[in-house]
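Text of coords09.cif (mmCIF, C-alpha atoms) as supplied:
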data_structure
loop_
_atom_site.label_atom_id
_atom_site.label_comp_id
_atom_site.auth_asym_id
_atom_site.auth_seq_id
_atom_site.Cartn_x
_atom_site.Cartn_y
_atom_site.Cartn_z
CA MET A 1 71.94 82.22 67.55
CA LYS A 2 73.08 83.16 64.08
CA SER A 3 72.11 86.77 64.70
CA ASN A 4 74.20 86.91 67.90
CA LYS A 5 77.15 85.48 66.02
CA SER A 6 76.84 88.15 63.36
CA LYS A 7 76.70 90.88 65.98
CA PHE A 8 79.81 89.45 67.61
CA LEU A 9 81.69 89.44 64.30
CA PHE A 10 80.66 93.05 63.72
CA LEU A 11 81.64 94.30 67.14
CA LEU A 12 84.95 92.39 67.35
CA PRO A 13 86.92 94.76 65.03
CA LEU A 14 85.59 97.76 66.94
CA VAL A 15 86.65 96.29 70.31
CA LEU A 16 90.11 95.43 68.98
CA PHE A 17 90.50 98.96 67.62
CA LEU A 18 89.65 100.49 71.00
CA CYS A 19 92.05 98.11 72.80
CA PHE A 20 94.96 99.15 70.59
CA LEU A 21 94.01 102.80 71.04
CA LEU A 22 93.85 102.57 74.83
CA ASN A 23 97.06 100.54 74.93
CA SER A 24 98.95 103.38 73.28
CA PHE A 25 97.38 105.81 75.74
CA ALA A 26 98.39 103.65 78.72
CA LEU A 27 101.97 103.56 77.49
CA ALA A 28 102.08 107.32 76.97
CA ASP A 29 104.61 107.67 79.78
CA ASN A 30 107.37 106.32 77.51
CA THR A 31 106.46 108.26 74.38
CA GLY A 32 108.72 111.14 75.24
CA LYS A 33 111.69 108.76 75.07
CA ARG A 34 110.74 106.62 72.05
CA GLY A 35 108.29 108.86 70.14
CA LEU A 36 104.75 107.98 69.09
CA GLU A 37 104.37 104.73 67.17
CA ILE A 38 100.93 105.70 65.77
CA LYS A 39 100.03 108.83 63.82
CA TYR A 40 96.75 109.93 65.36
CA PRO A 41 94.29 112.02 63.30
CA VAL A 42 93.54 115.60 64.28
CA ILE A 43 90.15 115.70 66.04
CA ASN A 44 88.44 118.86 67.30
CA GLY A 45 91.66 120.78 66.65
CA ILE A 46 93.78 118.49 68.86
CA GLU A 47 96.67 116.35 67.62
CA ILE A 48 98.16 113.65 69.85
CA THR A 49 101.92 114.20 70.31
CA THR A 50 104.54 113.30 72.90
CA SER A 51 103.73 116.50 74.80
CA THR A 52 99.94 116.07 74.89
CA THR A 53 98.54 116.69 78.36
CA ILE A 54 95.96 114.61 80.24
CA SER A 55 93.29 117.29 79.75
CA GLU A 56 93.94 117.29 75.99
CA TYR A 57 93.66 113.49 75.98
CA ALA A 58 90.26 113.78 77.71
CA VAL A 59 88.92 116.22 75.10
CA TYR A 60 90.40 114.16 72.27
CA PHE A 61 88.83 110.87 73.37
CA PHE A 62 85.48 112.55 74.15
CA SER A 63 85.32 113.81 70.57
CA LEU A 64 86.57 110.46 69.28
CA SER A 65 83.86 108.58 71.18
CA LEU A 66 81.13 110.65 69.47
CA ILE A 67 82.63 109.87 66.06
CA ILE A 68 82.95 106.16 66.85
CA ALA A 69 79.34 106.02 68.08
CA ALA A 70 78.08 107.67 64.88
CA ILE A 71 80.17 105.33 62.71
CA ALA A 72 78.89 102.31 64.63
CA ALA A 73 75.27 103.41 64.16
CA PHE A 74 75.81 104.05 60.44
CA ALA A 75 77.56 100.66 60.10
CA ALA A 76 74.58 98.96 61.79
CA ILE A 77 72.19 100.59 59.29
CA THR A 78 74.43 99.61 56.35
CA TYR A 79 74.78 96.04 57.59
CA GLY A 80 71.01 95.76 58.11
CA GLY A 81 70.29 97.11 54.63
CA ILE A 82 72.65 94.68 52.92
CA ARG A 83 71.31 91.78 54.97
CA TYR A 84 67.74 92.76 54.06
CA LEU A 85 68.55 92.79 50.33
CA LEU A 86 70.15 89.35 50.54
CA SER A 87 67.30 87.81 52.56
CA LEU A 88 64.20 88.40 50.42
CA ASN A 89 63.04 84.79 50.63
CA ASN A 90 63.91 84.39 54.33
CA PRO A 91 61.38 86.07 56.64
CA GLU A 92 63.47 85.38 59.75
CA ALA A 93 66.58 86.96 58.23
CA MET A 94 64.53 89.93 56.96
CA LYS A 95 63.17 90.49 60.46
CA ASP A 96 66.70 90.44 61.91
CA ALA A 97 67.86 92.88 59.20
CA ARG A 98 65.02 95.29 60.03
CA THR A 99 66.12 95.08 63.69
CA TRP A 100 69.65 96.11 62.72
CA ILE A 101 68.35 99.01 60.61
CA SER A 102 65.96 100.28 63.29
CA SER A 103 68.63 99.94 66.00
CA GLY A 104 71.08 101.95 63.90
CA ILE A 105 68.53 104.68 63.21
CA ILE A 106 67.57 104.86 66.90
CA GLY A 107 71.27 105.06 67.80
CA LEU A 108 71.82 107.96 65.39
CA LEU A 109 68.75 109.76 66.73
CA ILE A 110 69.98 109.29 70.33
CA ILE A 111 73.43 110.66 69.43
CA LEU A 112 71.91 113.63 67.57
CA ALA A 113 69.41 114.36 70.36
CA SER A 114 72.09 114.10 73.03
CA TYR A 115 74.34 116.45 71.07
CA LEU A 116 71.57 119.01 70.60
CA ILE A 117 70.48 118.86 74.24
CA LEU A 118 74.03 119.19 75.59
CA SER A 119 74.90 122.02 73.16
CA THR A 120 71.73 123.87 74.21
CA ILE A 121 72.52 123.52 77.93
CA ASN A 122 76.22 124.37 77.58
CA PRO A 123 78.09 124.45 74.25
CA GLU A 124 81.40 123.78 76.05
CA ILE A 125 80.19 120.28 77.01
CA VAL A 126 80.25 119.10 73.37
CA ALA A 127 83.18 121.32 72.40
CA PRO A 128 85.19 121.61 75.61
CA SER A 129 87.91 124.22 75.70
CA ILE A 130 91.23 123.68 77.42
CA GLN A 131 92.38 126.38 79.78
CA GLU A 132 96.10 126.87 79.36
CA VAL A 133 97.73 126.74 82.78
CA GLU A 134 100.75 128.94 83.21
CA PRO A 135 103.57 127.20 85.10
CA ILE A 136 104.63 128.80 88.37
CA SER A 137 108.09 127.25 88.71
CA GLY A 138 110.93 126.07 86.51
CA ILE A 139 112.22 127.69 83.32
CA TYR A 140 111.42 128.27 79.66
CA LEU A 141 113.86 127.40 76.91
CA ILE A 142 113.30 129.81 74.00
CA ASN A 143 114.46 129.38 70.40
CA ASP A 144 115.17 131.95 67.68
CA GLN A 145 111.51 131.93 66.61
CA GLU A 146 110.46 132.92 70.15
CA GLU A 147 108.86 129.50 70.71
CA LYS A 148 108.93 128.36 74.32
CA TYR A 149 109.69 124.92 75.73
CA TYR A 150 108.82 124.42 79.40
CA VAL A 151 111.25 122.53 81.67
CA ALA A 152 110.11 121.80 85.23
CA ASP A 153 113.25 120.14 86.62
CA SER A 154 116.57 118.53 85.69
CA LYS A 155 116.34 116.85 82.29
CA ASN A 156 118.51 114.87 79.85
CA GLU A 157 118.27 114.40 76.08
CA ILE A 158 116.77 117.78 75.22
CA SER A 159 116.13 118.12 71.47
CA PHE A 160 114.72 121.67 71.57
CA LYS A 161 117.23 124.12 70.03
CA ALA A 162 117.27 126.87 72.62
CA SER A 163 118.96 130.23 72.25
CA SER A 164 117.95 131.66 75.64
CA ILE A 165 116.60 130.74 79.07
CA GLU A 166 113.84 132.53 80.95
CA PHE A 167 113.46 131.85 84.68
CA ILE A 168 109.94 131.34 86.06
CA SER A 169 110.98 130.59 89.66
CA ASP A 170 112.54 133.38 91.69
CA LYS A 171 116.04 133.05 93.12
CA ASP A 172 114.76 132.21 96.60
CA GLU A 173 113.30 129.01 95.10
CA LEU A 174 115.76 128.24 92.28
CA LEU A 175 119.37 129.34 92.75
CA SER A 176 120.59 128.54 89.25
CA VAL A 177 120.58 126.03 86.43
CA PHE A 178 123.54 124.21 84.88
CA VAL A 179 123.42 123.60 81.13
CA CYS A 180 125.48 120.98 79.33
CA SER A 181 126.11 120.19 75.65
CA GLU A 182 126.03 116.43 76.31
CA GLY A 183 122.79 114.43 76.25
CA THR A 184 123.51 112.92 79.67
CA PHE A 185 124.32 115.70 82.13
CA ASN A 186 128.03 116.04 82.95
CA GLY A 187 128.61 118.42 85.85
CA GLU A 188 132.28 118.94 85.07
CA LYS A 189 131.46 120.18 81.57
CA SER A 190 128.45 122.28 82.51
CA THR A 191 127.95 126.03 82.72
CA GLU A 192 126.09 127.69 85.58
CA ILE A 193 123.43 130.28 84.83
CA LYS A 194 122.45 132.11 88.00
CA ASN A 195 118.88 133.17 88.55
CA ASN A 196 119.13 136.94 88.39
CA GLY A 197 115.82 137.35 86.62
CA GLY A 198 115.21 138.06 82.94
CA SER A 199 116.53 136.04 80.01
CA HIS A 200 120.00 134.56 79.52
CA SER A 201 121.58 133.53 76.23
CA VAL A 202 122.50 129.86 75.81
CA SER A 203 123.52 127.53 73.00
CA ASN A 204 123.60 123.79 72.37
CA VAL A 205 121.61 122.81 75.48
CA LYS A 206 121.27 119.02 75.51
CA SER A 207 120.81 118.49 79.26
CA ILE A 208 120.11 120.67 82.26
CA TYR A 209 120.43 120.47 86.05
CA PHE A 210 118.32 122.51 88.48
CA LEU A 211 119.96 123.76 91.66
CA TRP A 212 116.93 124.33 93.88
CA HIS A 213 117.37 126.47 97.00
CA ASP A 214 116.16 123.75 99.39
CA PRO A 215 117.11 123.59 103.08
CA GLY A 216 120.18 121.43 103.57
CA VAL A 217 123.95 121.30 103.15
CA TYR A 218 125.73 122.19 99.89
CA LEU A 219 129.33 121.02 99.33
CA TYR A 220 131.31 122.79 96.60
CA THR A 221 134.58 121.66 95.03
CA LYS A 222 135.73 125.27 94.58
CA THR A 223 136.25 128.05 97.10
CA GLY A 224 133.55 130.68 97.52
CA GLN A 225 130.79 128.35 96.29
CA GLY A 226 132.42 128.32 92.86
CA THR A 227 131.26 126.08 90.02
CA PRO A 228 131.22 123.88 87.94
CA PRO A 229 130.40 121.17 88.88
CA PRO A 230 127.13 121.76 90.76
CA PRO A 231 127.41 121.35 94.53
CA LEU A 232 126.61 118.09 96.29
CA PHE A 233 123.30 118.64 98.11
CA LEU A 234 122.71 116.72 101.35
CA GLN A 235 120.00 116.47 103.97
CA THR A 236 121.31 113.27 105.59
CA SER A 237 124.66 111.89 106.70
CA VAL A 238 127.08 110.28 104.22
CA ALA A 239 129.70 107.83 105.48
CA ASP A 240 131.76 108.02 102.26
CA LEU A 241 131.63 111.04 99.97
CA LYS A 242 133.12 109.01 97.06
CA SER A 243 133.33 111.40 94.08
CA TYR A 244 133.48 114.34 96.49
CA ASP A 245 136.08 112.66 98.73
CA ASN A 246 138.72 115.22 99.72
CA ARG A 247 137.34 117.74 97.23
CA THR A 248 135.19 119.96 99.46
CA LYS A 249 136.51 123.53 99.37
CA SER A 250 133.48 125.54 100.47
CA ILE A 251 130.16 124.94 102.18
CA MET A 252 126.74 126.58 102.21
CA ILE A 253 123.96 125.70 104.64
CA LYS A 254 120.33 126.77 104.25
CA ASP A 255 118.12 126.16 107.29
CA VAL A 256 114.38 125.68 107.59
CA GLU A 257 112.80 129.05 108.31
CA ASP A 258 111.85 129.49 111.99
CA GLU A 259 112.30 125.78 112.73
CA PHE A 260 115.51 123.79 113.09
CA SER A 261 119.08 124.33 111.94
CA TYR A 262 121.24 121.86 110.09
CA LEU A 263 124.34 120.74 111.92
CA ALA A 264 127.05 119.59 109.50
CA ILE A 265 130.10 117.85 110.97
CA LEU A 266 132.76 116.92 108.45
CA PHE A 267 135.47 114.31 109.02
CA SER A 268 138.78 113.70 107.30
CA GLU A 269 138.20 109.94 107.09
CA PRO A 270 135.23 107.79 105.98
CA ASN A 271 132.74 106.44 108.52
CA PHE A 272 132.74 109.67 110.55
CA GLU A 273 136.33 109.40 111.78
CA GLY A 274 139.22 111.74 111.38
CA LYS A 275 142.95 111.67 112.06
CA ASP A 276 143.00 115.44 111.69
CA GLY A 277 140.11 116.16 114.00
CA ILE A 278 136.77 117.63 112.99
CA GLY A 279 136.97 119.37 109.67
CA VAL A 280 133.93 121.57 110.25
CA ALA A 281 131.02 121.60 112.65
CA ILE A 282 128.53 124.20 111.46
CA SER A 283 125.34 125.13 113.22
CA GLU A 284 124.74 128.83 112.69
CA LYS A 285 121.70 129.89 110.69
CA ASP A 286 122.38 129.87 106.91
CA PHE A 287 126.08 129.46 107.60
CA ASN A 288 128.76 129.63 104.87
CA ILE A 289 132.44 128.71 104.86
CA ASN A 290 134.19 129.94 101.72
CA ASN A 291 137.52 128.18 102.18
CA VAL A 292 137.62 124.76 103.82
CA GLU A 293 141.13 123.61 104.67
CA GLY A 294 141.99 119.94 104.98
CA ASN A 295 140.55 116.78 103.54
CA ILE A 296 136.90 115.84 104.00
CA SER A 297 135.80 112.22 103.40
CA SER A 298 132.55 111.85 105.37
CA ILE A 299 129.88 114.12 106.77
CA ASP A 300 127.35 113.80 109.55
CA VAL A 301 124.22 115.87 108.88
CA SER A 302 121.64 116.36 111.62
CA ASN A 303 119.04 118.96 112.49
CA VAL A 304 119.02 120.60 115.89
CA VAL A 305 117.19 123.30 117.79
CA PRO A 306 119.00 125.67 120.19
CA ILE A 307 118.88 124.32 123.74
CA ASN A 308 116.88 127.28 125.02
CA GLU A 309 114.18 126.44 122.47
CA SER A 310 114.30 122.67 122.87
CA PRO A 311 112.07 120.58 125.17
CA SER A 312 114.47 117.62 124.94
CA ASP A 313 115.63 115.97 128.16
CA GLY A 314 118.23 113.87 126.34
CA LYS A 315 121.67 113.48 127.85
CA VAL A 316 125.01 111.66 127.70
CA ILE A 317 126.67 110.21 130.82
CA PHE A 318 130.42 109.52 130.86
CA TYR A 319 131.96 106.94 133.26
CA ASP A 320 135.47 106.22 134.43
CA ASP A 321 134.92 102.43 134.30
CA ILE A 322 133.64 99.92 131.76
CA GLU A 323 130.02 98.77 131.52
CA CYS A 324 128.71 102.32 132.13
CA ALA A 325 129.65 102.25 135.82
CA LYS A 326 131.77 104.27 138.24
CA LYS A 327 134.88 102.81 139.83
CA GLU A 328 134.18 101.40 143.23
CA LYS A 329 136.44 103.90 144.99
CA ASP A 330 136.38 107.61 144.17
CA GLY A 331 134.54 106.88 140.95
CA LYS A 332 133.63 109.67 138.52
CA SER A 333 130.85 110.30 136.08
CA ILE A 334 129.64 113.39 134.25
CA GLU A 335 126.16 114.00 132.89
CA ILE A 336 125.96 116.42 129.96
CA LYS A 337 123.04 117.93 128.09
CA ALA A 338 123.33 120.14 125.02
CA GLY A 339 123.82 123.78 125.89
CA ASP A 340 126.27 126.66 125.68
CA SER A 341 129.72 125.54 124.61
CA PRO A 342 133.09 127.22 125.11
CA GLY A 343 132.85 128.39 121.50
CA GLY A 344 135.51 127.75 118.86
CA SER A 345 137.13 128.88 115.64
CA SER A 346 135.54 128.72 112.20
CA LEU A 347 136.52 125.05 112.09
CA SER A 348 134.65 124.27 115.29
CA GLN A 349 131.46 126.30 115.34
CA PHE A 350 129.37 124.48 117.93
CA ASN A 351 127.76 127.63 119.35
CA GLU A 352 124.53 127.10 121.26
CA PHE A 353 123.89 123.61 119.87
CA GLY A 354 126.59 121.64 121.64
CA LYS A 355 128.29 121.45 125.01
CA SER A 356 131.88 120.31 125.38
CA VAL A 357 133.50 118.61 128.38
CA LYS A 358 137.22 118.04 128.89
CA PHE A 359 138.64 114.99 130.67
CA ASN A 360 141.73 116.58 132.20
CA ASP A 361 142.30 114.49 135.29
CA TRP A 362 140.58 111.19 134.52
CA ASP A 363 139.96 108.73 131.66
CA VAL A 364 136.50 108.08 130.26
CA LEU A 365 136.14 104.35 129.56
CA SER A 366 132.42 104.01 128.78
CA PHE A 367 129.41 106.20 128.22
CA GLU A 368 125.65 106.11 127.80
CA ILE A 369 123.43 108.00 125.33
CA LYS A 370 119.82 108.71 126.28
CA ARG A 371 116.91 110.12 124.28
CA GLY A 372 118.13 111.53 120.99
CA CYS A 373 121.59 112.82 121.82
CA TRP A 374 124.91 112.07 120.20
CA VAL A 375 128.54 112.66 121.13
CA ILE A 376 131.83 113.40 119.38
CA PHE A 377 135.08 112.36 121.05
CA ASN A 378 138.47 113.85 120.22
CA THR A 379 141.91 112.87 121.42
CA GLU A 380 143.10 116.48 121.69
CA GLY A 381 141.54 119.27 123.71
CA ASP A 382 141.54 121.67 120.73
CA PHE A 383 139.82 119.18 118.38
CA SER A 384 143.05 118.66 116.42
CA GLY A 385 143.39 114.93 117.17
CA ARG A 386 141.45 111.83 116.20
CA SER A 387 137.68 112.25 116.23
CA HIS A 388 134.72 109.91 116.07
CA ILE A 389 130.96 110.32 116.40
CA PHE A 390 128.50 108.05 118.24
CA LYS A 391 124.74 108.44 117.71
CA ASN A 392 122.92 105.26 118.75
CA GLU A 393 121.13 105.26 122.10
CA GLY A 394 122.23 102.91 124.86
CA CYS A 395 125.37 101.97 126.79
CA TYR A 396 128.77 101.81 125.08
CA PRO A 397 130.47 99.44 127.59
CA SER A 398 134.08 100.14 126.59
CA LEU A 399 136.15 102.59 124.57
CA LYS A 400 139.33 100.52 124.84
CA GLY A 401 140.71 99.54 121.47
CA SER A 402 138.47 102.03 119.67
CA TYR A 403 139.50 104.65 117.17
CA VAL A 404 139.79 107.27 119.93
CA TYR A 405 141.16 105.10 122.76
CA LEU A 406 144.27 102.91 122.53
CA PRO A 407 146.29 102.58 125.77
CA HIS A 408 149.44 101.50 123.91
CA PRO A 409 152.89 102.71 125.05
CA GLU A 410 153.67 104.04 121.57
CA ASP A 411 150.35 105.77 121.12
CA LYS A 412 148.53 106.37 124.41
CA ARG A 413 145.64 108.03 122.68
CA LYS A 414 142.49 108.60 124.66
CA PRO A 415 139.56 111.04 124.59
CA LYS A 416 140.47 114.42 126.03
CA ILE A 417 137.33 116.24 125.00
CA ALA A 418 133.78 115.34 124.00
CA THR A 419 130.97 117.45 122.61
CA VAL A 420 127.31 116.55 123.18
CA PHE A 421 124.39 117.45 120.92
CA CYS A 422 120.74 116.71 121.54
CA ASN A 423 117.73 116.82 119.25
CA PRO A 424 114.48 118.37 120.45
#
Render the structure in this file as structure tokens.
Amino acid sequence: MKSNKSKFLFLLPLVLFLCFLLNSFALADNTGKRGLEIKYPVINGIEITTSTTISEYAVYFFSLSLIIAAIAAFAAITYGGIRYLLSLNNPEAMKDARTWISSGIIGLLIILASYLILSTINPEIVAPSIQEVEPISGIYLINDQEEKYYVADSKNEISFKASSIEFISDKDELLSVFVCSEGTFNGEKSTEIKNNGGSHSVSNVKSIYFLWHDPGVYLYTKTGQGTPPPPLFLQTSVADLKSYDNRTKSIMIKDVEDEFSYLAILFSEPNFEGKDGIGVAISEKDFNINNVEGNISSIDVSNVVPINESPSDGKVIFYDDIECAKKEKDGKSIEIKAGDSPGGSSLSQFNEFGKSVKFNDWDVLSFEIKRGCWVIFNTEGDFSGRSHIFKNEGCYPSLKGSYVYLPHPEDKRKPKIATVFCNP
């Protein structure tokens, strides 16, 4: 019983030491922000820092475990020797001391034998080397001493004093980076460095923003895709552009290669409405508009496939009565699928993705959306009036009192044209 207690008291400090060591390792994710709280010794040529990789940790703790095992075995021998000297008149204690000494010696022999066997089979097992992996994307920040600091993506609070930037990614993957002298990136005070290959001189880089060339919609606050700030990148609809409200001056669209195209429909009011009609409806492959006129407050972003490549059987049916029904006498309804449209100017580029229908001699009062289509109404035949988009499937039982239909003597607005789009 006494022997077990002594063993427990001996092993307790070792267990506590390992717990504190592993705790620091588990919290390594935050060390880049707060710095290391413990100065680790250099073992096998490796020093633990805030930039230590997982593979370096593995080698470090493998080497550390061998050292700890040897120290533990030596401590067992030392403890047994001291206990033996202090127990000359106690046969039971002397026997326990000899057990400690023999266990320590056996432990050292096992460690030594294991080391020799492993080093004979493969020396790299006991002295593992770390293969340096060259990054395939991102950038290098380089200082005056030609030291490199790898940055994989947008980053704040950079302490590395860079004098130049070297691009690793090509321009088809990474369009450019924006560097800023403030610790928290500020787009308005940034400078764009376009990816033209080679190195580019920089100074006082405290934060950086990566403009990846991903498929989607890019909204710029300057004409001709000018910067700063960096463009607003979108792959989904936004009902309120907030900081970009009424600031869009140019647009770039990158589509998914050999798949679908992005359809971007911009509105002059939030919630996909517009008193000035549709600002822009773009659907051509990799389409750009260098000078957007008018205010843009919301944007509907969808992906579509040309109708001749789409298996969709979606459709929209328009009715001249409420509740998605025809009038009892001489009732009218029109069924529309996406297809060739009448075309349009640069502010109405529907092309092969949408099909427009005009309501010249009758009023549409309700409509029904089936299987992945959506519809845009406008109160003027040239898209210059009020516009609104509807995307949810089902019956819309009445347009009366809506944004695009108000049968009031002073207004008399009603839909005069609608454009239908359908997903594949």
Q: Grab the atom CA of Ile253 of chain A to atom CA of Lys171 of chain A distance for me, in Å with one decimal place.
A: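 Between these atoms lies a distance of 15.8 Å.
Across the model, the gap from atom CA of Asn195 of chain A to atom CA of Pro215 of chain A is 17.5 Å.
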Q. For Val217 of chain A, which residue among A:Lys249, A:Phe287, A:Glu380, A:Leu85 is the nearest when counting all atoms listed in the file?
A. A:Phe287
(Q) Could you tell me how far atom CA of Leu86 of chain A sits from atom CA of Thr99 of chain A, in Å to one decimal place? (A)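 Value for the atom CA of Thr99 of chain A-atom CA of Leu86 of chain A distance: 14.9 Å.
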Q: Give the answer as one residue: which of A:Ile376, A:Leu64, A:Leu406, A:Ile165 has the shortest atom-to-atom distance to Ile142 of chain A, using all atoms listed in the file?
A: A:Ile165
May I have the residues within 7 Å of segment 225-234 of chain A as a PDB file with C-alpha atoms, keeping the file's coordinate frame, using all atoms listed in the file and disregarding those fewer than 5 positions away in the same chain?
ATOM      1  CA  GLY A 187     128.610 118.420  85.850  1.00  0.00           C
ATOM      2  CA  GLU A 188     132.280 118.940  85.070  1.00  0.00           C
ATOM      3  CA  SER A 190     128.450 122.280  82.510  1.00  0.00           C
ATOM      4  CA  THR A 191     127.950 126.030  82.720  1.00  0.00           C
ATOM      5  CA  GLU A 192     126.090 127.690  85.580  1.00  0.00           C
ATOM      6  CA  GLY A 216     120.180 121.430 103.570  1.00  0.00           C
ATOM      7  CA  VAL A 217     123.950 121.300 103.150  1.00  0.00           C
ATOM      8  CA  TYR A 218     125.730 122.190  99.890  1.00  0.00           C
ATOM      9  CA  LEU A 219     129.330 121.020  99.330  1.00  0.00           C
ATOM     10  CA  TYR A 220     131.310 122.790  96.600  1.00  0.00           C
ATOM     11  CA  SER A 250     133.480 125.540 100.470  1.00  0.00           C
ATOM     12  CA  ILE A 251     130.160 124.940 102.180  1.00  0.00           C
ATOM     13  CA  ASN A 290     134.190 129.940 101.720  1.00  0.00           C
TER      14      ASN A 290
END
Protein/DNA/RNA residues near (126.7, 99.0, 131.8), cut 6 Å, only C-alpha atoms, as an mmCIF file with C-alpha atoms, in the frame of the given file:
data_model
loop_
_atom_site.group_PDB
_atom_site.id
_atom_site.type_symbol
_atom_site.label_atom_id
_atom_site.label_comp_id
_atom_site.auth_asym_id
_atom_site.auth_seq_id
_atom_site.Cartn_x
_atom_site.Cartn_y
_atom_site.Cartn_z
ATOM 1 C CA GLU A 323 130.020 98.770 131.520
ATOM 2 C CA CYS A 324 128.710 102.320 132.130
ATOM 3 C CA ALA A 325 129.650 102.250 135.820
ATOM 4 C CA CYS A 395 125.370 101.970 126.790
ATOM 5 C CA PRO A 397 130.470 99.440 127.590
#
Q: Can you work out which one of A:Phe160, A:Tyr149, A:Trp212, A:Tyr84 has the shortest atom-to-atom distance to Leu174 of chain A, counting only C-alpha atoms?
A: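 Checking each of A:Phe160, A:Tyr149, A:Trp212, A:Tyr84 against Leu174 of chain A, counting only C-alpha atoms, the winner is A:Trp212.
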Write out as a PDB file with C-alpha atoms, keeping the file's coordinate frame which residues come within 9 Å of Asp300 of chain A when counting only C-alpha atoms, dropping same-chain ones fewer than 4 positions away.
ATOM      1  CA  THR A 236     121.310 113.270 105.590  1.00  0.00           C
ATOM      2  CA  SER A 237     124.660 111.890 106.700  1.00  0.00           C
ATOM      3  CA  VAL A 238     127.080 110.280 104.220  1.00  0.00           C
ATOM      4  CA  ALA A 239     129.700 107.830 105.480  1.00  0.00           C
ATOM      5  CA  LEU A 263     124.340 120.740 111.920  1.00  0.00           C
ATOM      6  CA  ALA A 264     127.050 119.590 109.500  1.00  0.00           C
ATOM      7  CA  ILE A 265     130.100 117.850 110.970  1.00  0.00           C
ATOM      8  CA  LEU A 266     132.760 116.920 108.450  1.00  0.00           C
ATOM      9  CA  PHE A 267     135.470 114.310 109.020  1.00  0.00           C
ATOM     10  CA  PHE A 272     132.740 109.670 110.550  1.00  0.00           C
ATOM     11  CA  ILE A 389     130.960 110.320 116.400  1.00  0.00           C
TER      12      ILE A 389
END
Q.
Could you tell me, as a PyMOL selection string, exactly which residues end up selected when the PyMOL selection byres ((chain A and resi 248) around 9) is applied to this structure?
A. chain A and resi 219-223+244-247+249-251+291-297
Q.
Give me, as a list in words, all polymer residues having an atom no more than 12 Å from Lys400 of chain A, counting all atoms listed in the file and skipping those fewer than 4 positions away in the same chain.
A.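 Using all atoms listed in the file, the neighbours found are Asp320, Asp321, Ile322, Glu323, Asp363, Val364, Leu365, Ser366, Phe367, Tyr396, Val404, Tyr405, Leu406, Pro407, His408, Lys412, Arg413, Lys414 and Pro415 of chain A.
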If the PyMOL selection byres ((chain A and resi 179) around 10) is run on the structure shown, which residues does it catch, given as a CSV table (one decimal) with C-alpha atoms, in the frame of the given file?
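So part-v3.csv came out as:
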chain,number,residue,atom,x,y,z
A,154,SER,CA,116.6,118.5,85.7
A,155,LYS,CA,116.3,116.8,82.3
A,176,SER,CA,120.6,128.5,89.2
A,177,VAL,CA,120.6,126.0,86.4
A,178,PHE,CA,123.5,124.2,84.9
A,180,CYS,CA,125.5,121.0,79.3
A,181,SER,CA,126.1,120.2,75.6
A,182,GLU,CA,126.0,116.4,76.3
A,185,PHE,CA,124.3,115.7,82.1
A,186,ASN,CA,128.0,116.0,83.0
A,187,GLY,CA,128.6,118.4,85.8
A,189,LYS,CA,131.5,120.2,81.6
A,190,SER,CA,128.4,122.3,82.5
A,191,THR,CA,128.0,126.0,82.7
A,192,GLU,CA,126.1,127.7,85.6
A,193,ILE,CA,123.4,130.3,84.8
A,202,VAL,CA,122.5,129.9,75.8
A,203,SER,CA,123.5,127.5,73.0
A,204,ASN,CA,123.6,123.8,72.4
A,205,VAL,CA,121.6,122.8,75.5
A,206,LYS,CA,121.3,119.0,75.5
A,207,SER,CA,120.8,118.5,79.3
A,208,ILE,CA,120.1,120.7,82.3
A,209,TYR,CA,120.4,120.5,86.0
A,210,PHE,CA,118.3,122.5,88.5
Centre, edges in Å (one decimal): axis-aligned box, segment 131-144 of chain A, 8 Å padding on all six sides, as lines of an AutoDock Vina configuration file:
center_x = 103.8
center_y = 129.0
center_z = 78.2
size_x = 38.8
size_y = 21.9
size_z = 37.0
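Under the PyMOL selection byres ((chain A and resi 377) around 7), the matching residues in the shown file are Val375, Ile376, Asn378, Thr379, Ser387, His388, Ile389, Pro415, Ile417, Ala418 and Thr419 of chain A.
Using only C-alpha atoms for every distance, the candidate list A:Tyr403, A:Trp100, A:Phe359, A:Trp374 yields A:Phe359 as the residue closest to Lys416 of chain A.
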Q | Nearby residues, (141.3, 116.7, 114.0) file frame, 9 Å, all atoms listed in the file, as an MDAnalysis selection string | A | chainID A and resid 267:268 274:279 378:380 382:387
Q. Between A:Thr78, A:Val316, A:Phe390, A:Ala162, which is the closest to Asn271 of chain A once you count all atoms listed in the file?
A.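 Checking each candidate against Asn271 of chain A, we get A:Phe390 as the closest.
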Can you sort out segment 353-357 of chain A so it carries N, CA and C atoms, written as an mmCIF file, keeping the file's coordinate frame?
data_model
loop_
_atom_site.group_PDB
_atom_site.id
_atom_site.type_symbol
_atom_site.label_atom_id
_atom_site.label_comp_id
_atom_site.auth_asym_id
_atom_site.auth_seq_id
_atom_site.Cartn_x
_atom_site.Cartn_y
_atom_site.Cartn_z
ATOM 1 N N PHE A 353 124.453 124.931 120.121
ATOM 2 C CA PHE A 353 123.890 123.610 119.870
ATOM 3 C C PHE A 353 124.618 122.495 120.610
ATOM 4 N N GLY A 354 125.831 122.708 121.002
ATOM 5 C CA GLY A 354 126.590 121.640 121.640
ATOM 6 C C GLY A 354 127.246 122.098 122.925
ATOM 7 N N LYS A 355 127.582 121.144 123.787
ATOM 8 C CA LYS A 355 128.290 121.450 125.010
ATOM 9 C C LYS A 355 129.476 120.517 125.124
ATOM 10 N N SER A 356 130.646 121.094 125.333
ATOM 11 C CA SER A 356 131.880 120.310 125.380
ATOM 12 C C SER A 356 132.318 120.080 126.827
ATOM 13 N N VAL A 357 132.948 118.939 127.074
ATOM 14 C CA VAL A 357 133.500 118.610 128.380
ATOM 15 C C VAL A 357 134.901 118.053 128.174
#
